[in-house]
Amino acid sequence: MQKALVLVFISLLFSCNKEKSTSIKSGVWRAQMQITDTEVLPFNFEVTSPKSLKIFNAEEVILVNDITYSNDSIIIKMPVFEGYIAAKLNDSVIEGAFIKDALSRTVPFKAVFGKTHRFEASKDEPKSNISGNWETVFSKGVEGDEYIAKGIFKQDGSKVTGTFRTTTGDYRYLEGVLNGNQLKLSTFDGSHAFLFTATVTDSTFNGVFYSGNHWKEPFDAKRNESFELPNENELTYLNEGYDKVEFTFPNTDGKLISLSDAQYKDKVVIVQLMGTWCPNCLDESRYYSEFYKNNKNKGVEFIALAFEYAKTEASAFKSINRLIDNAGIEYPILLAQFGSSDKAAAQEKLPMLNHVLSYPTTIFIDKTSKVRKIHTGFNGPATGMKYVEFKNEFESFVSELVKE
């Protein structure tokens, strides 16, 4: 039913019959997605030409170069990810929806030209300064859903930036405001639309996390500068009786690839469990792609295993090829699963692992084909020094394996 409504929505958008096509006005726009009846998720973008724009989240800038028009309607397709905005366009307003076909999800969307703020301005001065580290629990007390996180924030006046790190990755670049004791943070990266709202004191948060208009959960936080998450290298491990990982999956040319293939013999191999729909995986893939280009002649190989929710094999490979082109990836990405990104199903594909806890997960394999380490999750650029620490640890450990 939801998919049928999406198709009707798109057909209505493009049914208008004007004599001339309209193009989007250059300059800064304020966009918002209607998350609930009362909550909106805002972000800003700048149109640089009729065919390109930039989306802003704190320090992040996302380049979008796939914009098409039909009369007074516009399609803005996100880079890498399958989501897109379909909307009616006039001189100063765009109105429509953000759509993800494979998940049958739509979120109402509106953008207004010339508005440069993200959240509405308030006369209330911040009652606290939340710069620092916050020990956080999401869905506290809810069996099977509770998880911990570390909030890392910087505040300048009423402006707040930062992120939440979890054991499986981070929530990427969050940007927002603290008006009085009310905190609002948002991000839109082309795949995920996140909104965090909270009531704040000097030492506590109490709030709600919204993922699009399909999911929300409560969170609580307390100031704790010494709080650390569990060691990412100890969360996923080989089951008893295993010291190796084995698999055979097709690459984008349909060729079956295995770790036993000659090209991986006597090499250090990095196996990446990921999905093209996953922003943390995109951050990681960009870093791994750059590292591979600089080190592929030193006896290091990478293989990515993609777990895709795309409903068909063809659409899954289309998404993989988009990622390869966008990130300039030179190592193979194999299709391990399509139709679902379910982690329990993924673990069945790799029964030697105790579980697949996170996309992404990285498996380090030495020259004798033995697993030496498994790293769960990825701390991306939004985490600041944690990202620097990860890169230093990664490069040092790979160097050690190469020298053995």
# chains A, B, ... in the order shown; residues from 1 in each chain; ligands from 1
$ select_by_dssp --residues "region 204-298 of chain A" --states "strand (DSSP E)" --output "MDAnalysis selection string"
chainID A and resid 204:211 215:223 248:250 256:258 268:274
$ residues_around --residues "region 174-183 of chain A" --least-positions-apart "6" --cutoff "10 Å" --atoms "only C-alpha atoms" --output "ChimeraX atom specification"
/A:42-43,56-60,117-130,153-164,194-202,205-207,382
$ atom_distance --atom1 "CA of Ser340 (chain A)" --atom2 "CA of Lys311 (chain A)"
7.6 Å
$ residues_around --residues "Tyr287 (chain A)" --least-positions-apart "5" --cutoff "10 Å" --atoms "only C-alpha atoms" --output "list in words"
Cys281, Leu282, Tyr292, Ala327, Ile329, Gly380, Pro381 and Lys391 of chain A
$ atom_distance --atom1 "CA of Gly328 (chain A)" --atom2 "CA of Cys278 (chain A)"
16.9 Å
$ closest_residue --among "A:Ile55, A:Asn354, A:Thr312, A:Lys293" --to "Glu330 (chain A)" --atoms "only C-alpha atoms"
A:Lys293
$ closest_residue --among "A:Lys51, A:Lys403, A:Arg223, A:Arg30" --to "Ser131 (chain A)" --atoms "only C-alpha atoms"
A:Arg223
$ atom_distance --atom1 "CA of Asp366 (chain A)" --atom2 "CA of Leu334 (chain A)"
20.3 Å
$ closest_residue --among "A:Ile62, A:Val112, A:Val271, A:Met385" --to "Val371 (chain A)" --atoms "only C-alpha atoms"
A:Val271
$ residues_around --residues "region 33-41 of chain A" --least-positions-apart "4" --cutoff "7 Å" --atoms "only C-alpha atoms" --output "list in words"
Val107, Pro108, Phe109, Lys110, Ser186, Leu195, Gly212 and Asn213 of chain A
$ closest_residue --among "A:Thr187, A:Thr236, A:Asn326, A:Ser211" --to "Thr168 (chain A)" --atoms "only C-alpha atoms"
A:Thr236
